[in-house]
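Structure record follows, encoded as structure tokens.
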There are 2 protein chains.
Amino acid sequence: MGNRPDFSYVAKLMADSSRAAMLDALLGLDGLPATELARKANVSLQTASGHLSKLVEGELVCVEQHGRHRYFRLASTDVAQAIETLTVIAPPARISSLKDSSRAEKIKIARTCYDHLAGKLGVALTGAFIEKGYLVEAQDDYIVTDKGETFFHEFEIDLYSSRKKRRHFARKCLDWSERRYHLAGSLGHAVLMRLFDLNWIENLPDRAVKITKVGEKGFESLGITKKQL
Amino acid sequence: MGNRPDFSYVAKLMADSSRAAMLDALLGLDGLPATELARKANVSLQTASGHLSKLVEGELVCVEQHGRHRYFRLASTDVAQAIETLTVIAPPARISSLKDSSRAEKIKIARTCYDHLAGKLGVALTGAFIEKGYLVEAQDDYIVTDKGETFFHEFEIDLYSSRKKRRHFARKCLDWSERRYHLAGSLGHAVLMRLFDLNWIENLPDRAVKITKVGEKGFESLGITKKQL
DNA sequence: TAAAAACTTCGGCTATAATCGAACTATGAA
DNA sequence: TTCATAGTTCGATTATAGCCGAAGTTTTTA
């Protein structure tokens, strides 16, 4: 290898199935304690602790200490992005039961991707924003138009405080199931939070998301029909 | 894990340092025989053969048989993309010598990324195409404008035969050093080939690329100054 | 001040897989 | 038809690292 960063180091950290299960759980945005992550990965607390120190050492994960609790999070959205990009070329999950199959279907329709909306719904919503002229595409980001400023204001999303955040504002993110870009960054996060507030969507297990009755009408008002999903 | 594809399977394939060295070599676009890949990874032919069957089995790599030779390639640009995205969060290569440091610098300025141009130069060139109105951004791709059609024709790139290829035409690709998108796909490839033909750039080791004297003037005519790089 | 909870460290066991020598197959050249 | 080249398969060895039991540290609760 030349003088490029060594990607195999990161790959090694993601390669172990226990660590992968923990990273997967951490894609869920909430900071989780070691006990919870041990449970998700089906290993003892000691084993989990060892894995977590490796992930922290490798800067894939960071810790916040609150008294005797230590909450683990993904270190950056880049880590989430890397996991999603690997998922694009990963072999599809083997479907062993009817229940699995319906779950797999749901997760492709709508899910959260780290801290924003992904799946068919995420892609469709981003498409609708562009269609209506609220967003335009730029190199690595989306740009909010004047029309968009008005819209997001009416949608009760505070663009000012989103922009202030020390992170990308309207980043593009590649989706593993749709292989299309969709809105991420602090604006993507704010949109997701607003959709929960409005009760347009509800959480299902494994980061899948369900569209409520109210949501169906809401998304239709933005030009997204049920058929598209 | 829910019913998502298992990214740890792919990570495991990339985690071994011998396989990583092979994948790294294959980012260089040329199909390479097993003997060559064994040499790059510093392992015996038997070991290399074992690794390569795993990579093929995992669909990260594909083979073309020509008589007793078997040429290995990355299976898709998505694989190259996944490697590049992992590289974004990988720890920087440790710089142990002055020679390493200048090599690391060179590789950030200009290099080939799989089959197209990347690094500062790749990003700057793509930026110039957009600036001059030859390309506009779309969701996952760039679109060639009418002005662009004329330009690429004058630049002696055959858009028709690039479009015909069974692959993305003007895809976006994320760069690990610049963290910016740049032009990939068959058009990105054609541009790279044309730059070699014009003798604007020359190959250095490890996929780094050097701008020639002729190239300096050429890139300047496209509005890319040496300072930008 | 004692006990419980959250987590880490240490040590030994075990399974996985990376490695290469040796033997094998298949293609191409002399 | 014989030899060389390119590559694969098999088997034995070895190193790595994942795993948990046991014991330790620190903080909160009682």
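Within each chain, counting starts at residue 1; across the structure tokens, chains are named A, B, ... in the order shown, with ligands numbered 1 upward in that order.
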Selection: 6 Å around stretch 16-24 of chain B, only C-alpha atoms (C1' of nucleotides), excl. self and same-chain fewer than 2 positions, as a JSON list (two decimals) with N, CA and C atoms, in the first residue's frame:
```json
[["chain", "number", "residue", "atom", "x", "y", "z"],
["A", 1, "MET", "N", 0.83, -1.20, 0.00],
["A", 1, "MET", "CA", 0.00, 0.00, 0.00],
["A", 1, "MET", "C", 0.87, 1.25, 0.00],
["A", 8, "SER", "N", -7.99, -1.05, 6.06],
["A", 8, "SER", "CA", -8.21, -2.38, 6.64],
["A", 8, "SER", "C", -8.28, -2.32, 8.16],
["B", 14, "MET", "N", -12.47, -7.16, 3.86],
["B", 14, "MET", "CA", -11.53, -6.05, 3.70],
["B", 14, "MET", "C", -10.55, -5.97, 4.87],
["B", 26, "LEU", "N", -6.07, -3.22, -6.84],
["B", 26, "LEU", "CA", -7.14, -3.29, -7.84],
["B", 26, "LEU", "C", -7.87, -1.97, -8.01],
["B", 27, "LEU", "N", -7.70, -1.06, -7.05],
["B", 27, "LEU", "CA", -8.25, 0.29, -7.23],
["B", 27, "LEU", "C", -7.59, 0.95, -8.43],
["B", 37, "LEU", "N", -0.82, -9.93, -7.90],
["B", 37, "LEU", "CA", -1.49, -9.56, -6.65],
["B", 37, "LEU", "C", -0.79, -10.19, -5.45],
["B", 41, "ALA", "N", 0.88, -8.12, -2.29],
["B", 41, "ALA", "CA", 0.47, -8.37, -0.91],
["B", 41, "ALA", "C", 1.57, -9.06, -0.12]]
```
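Once the Cα atoms of chain A are best fitted to those of chain B, pair by pair, the RMSD stands at 0.4 Å.
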Within 9 Å of chain A: residues of chain D, using only C-alpha atoms (C1' of nucleotides), as an MDAnalysis selection string: chainID D and resid 18:20 26:28
Output file for the residues above (N, CA and C atoms (P, O5', C5', C4', C3', O3' and C1' of nucleotides), as a short mmCIF file (atom, residue, chain, number, x, y, z; two decimals), in the first residue's frame):
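The result, stored in result_13.cif:
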```
data_model
loop_
_atom_site.label_atom_id
_atom_site.label_comp_id
_atom_site.auth_asym_id
_atom_site.auth_seq_id
_atom_site.Cartn_x
_atom_site.Cartn_y
_atom_site.Cartn_z
P DG D 18 -11.45 -9.81 18.23
"O5'" DG D 18 -12.78 -10.62 18.54
"C5'" DG D 18 -13.07 -11.79 17.80
"C4'" DG D 18 -13.65 -12.84 18.73
"C3'" DG D 18 -14.57 -12.28 19.82
"O3'" DG D 18 -15.77 -13.04 19.86
"C1'" DG D 18 -12.90 -13.65 20.79
P DC D 19 -16.98 -12.56 20.75
"O5'" DC D 19 -16.83 -13.40 22.09
"C5'" DC D 19 -17.11 -14.80 22.05
"C4'" DC D 19 -16.66 -15.43 23.33
"C3'" DC D 19 -17.18 -14.75 24.60
"O3'" DC D 19 -18.42 -15.36 24.98
"C1'" DC D 19 -14.89 -15.47 24.80
P DC D 20 -19.31 -14.66 26.11
"O5'" DC D 20 -18.77 -15.29 27.48
"C5'" DC D 20 -18.66 -16.71 27.61
"C4'" DC D 20 -17.81 -16.99 28.82
"C3'" DC D 20 -18.34 -16.36 30.11
"O3'" DC D 20 -18.37 -17.34 31.12
"C1'" DC D 20 -16.07 -15.79 29.78
P DT D 26 -10.32 3.64 41.53
"O5'" DT D 26 -11.78 4.20 41.21
"C5'" DT D 26 -12.21 4.30 39.86
"C4'" DT D 26 -13.71 4.53 39.82
"C3'" DT D 26 -14.21 5.62 40.78
"O3'" DT D 26 -15.02 6.50 40.05
"C1'" DT D 26 -15.50 3.67 41.00
P DT D 27 -15.33 7.99 40.57
"O5'" DT D 27 -16.91 7.97 40.72
"C5'" DT D 27 -17.72 7.61 39.59
"C4'" DT D 27 -19.04 7.10 40.08
"C3'" DT D 27 -19.79 8.04 41.03
"O3'" DT D 27 -21.04 8.34 40.47
"C1'" DT D 27 -19.83 5.81 41.83
P DT D 28 -21.91 9.56 40.94
"O5'" DT D 28 -23.22 8.86 41.52
"C5'" DT D 28 -23.95 7.97 40.68
"C4'" DT D 28 -24.68 6.97 41.53
"C3'" DT D 28 -25.70 7.57 42.50
"O3'" DT D 28 -26.96 7.01 42.18
"C1'" DT D 28 -24.38 5.90 43.55
#
```
Contact set, chain B to chain A: 8 Å, only C-alpha atoms, as number ranges by chain: B: 1-17, 20-21, 24-25, 58, 60, 78-79, 81-83, 85-93, 95, 100, 103-104, 107, 137-140, 180-181, 206
Kindly assemble as a Markdown table a list of the chain C residues that lie within 9 Å of chain A, each paired with its nearest atom pair and their distance in Å to one decimal, using only C-alpha atoms (C1' of nucleotides), sorted first by chain and then by ascending residue number.
```
| residue | atom | partner | partner_atom | distance |
| --- | --- | --- | --- | --- |
| C:DA5 | C1' | A:Arg68 | CA | 8.3 |
| C:DA6 | C1' | A:Arg68 | CA | 5.7 |
| C:DC7 | C1' | A:Ser49 | CA | 7.5 |
| C:DT8 | C1' | A:Ser49 | CA | 7.2 |
```
With C-alpha atoms (C1' of nucleotides) retained, could you export that selection as a short mmCIF file (atom, residue, chain, number, x, y, z; two decimals), in the first residue's frame?
```cif
data_model
loop_
_atom_site.label_atom_id
_atom_site.label_comp_id
_atom_site.auth_asym_id
_atom_site.auth_seq_id
_atom_site.Cartn_x
_atom_site.Cartn_y
_atom_site.Cartn_z
"C1'" DA C 5 -24.60 -1.23 40.08
"C1'" DA C 6 -21.71 -0.14 36.04
"C1'" DC C 7 -17.90 -1.14 34.15
"C1'" DT C 8 -12.75 -2.73 33.50
#
```
Quick one: everything within 12 Å of B:Lys165, counting only C-alpha atoms (C1' of nucleotides), minus sequence neighbours fewer than 6 positions away in the same chain. Send it as a compact mmCIF listing (two decimals) with C-alpha atoms, in the first residue's frame.
```txt
# COMPACT_ATOMS: atom_id res chain seq x y z
CA ASP B 158 -16.47 10.88 -27.58
CA LEU B 159 -19.57 11.25 -25.43
CA GLY B 185 -18.30 6.96 -14.33
CA SER B 186 -17.43 6.36 -17.97
CA LEU B 187 -17.10 10.09 -18.64
CA HIS B 189 -12.76 7.58 -17.14
CA ALA B 190 -12.71 9.11 -20.63
```
Distance in Å - atom CA of A:Leu125 versus atom CA of A:Thr145: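 One can read the atom CA of A:Leu125 to atom CA of A:Thr145 distance as 16.0 Å.
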Filtered DSSP result for chain A, state strand (DSSP E), as a PyMOL selection string: chain A and resi 32-33+61-66+69-74+111-113+116-118+135-137+142-144+172-174+181-183+201-203+209-211
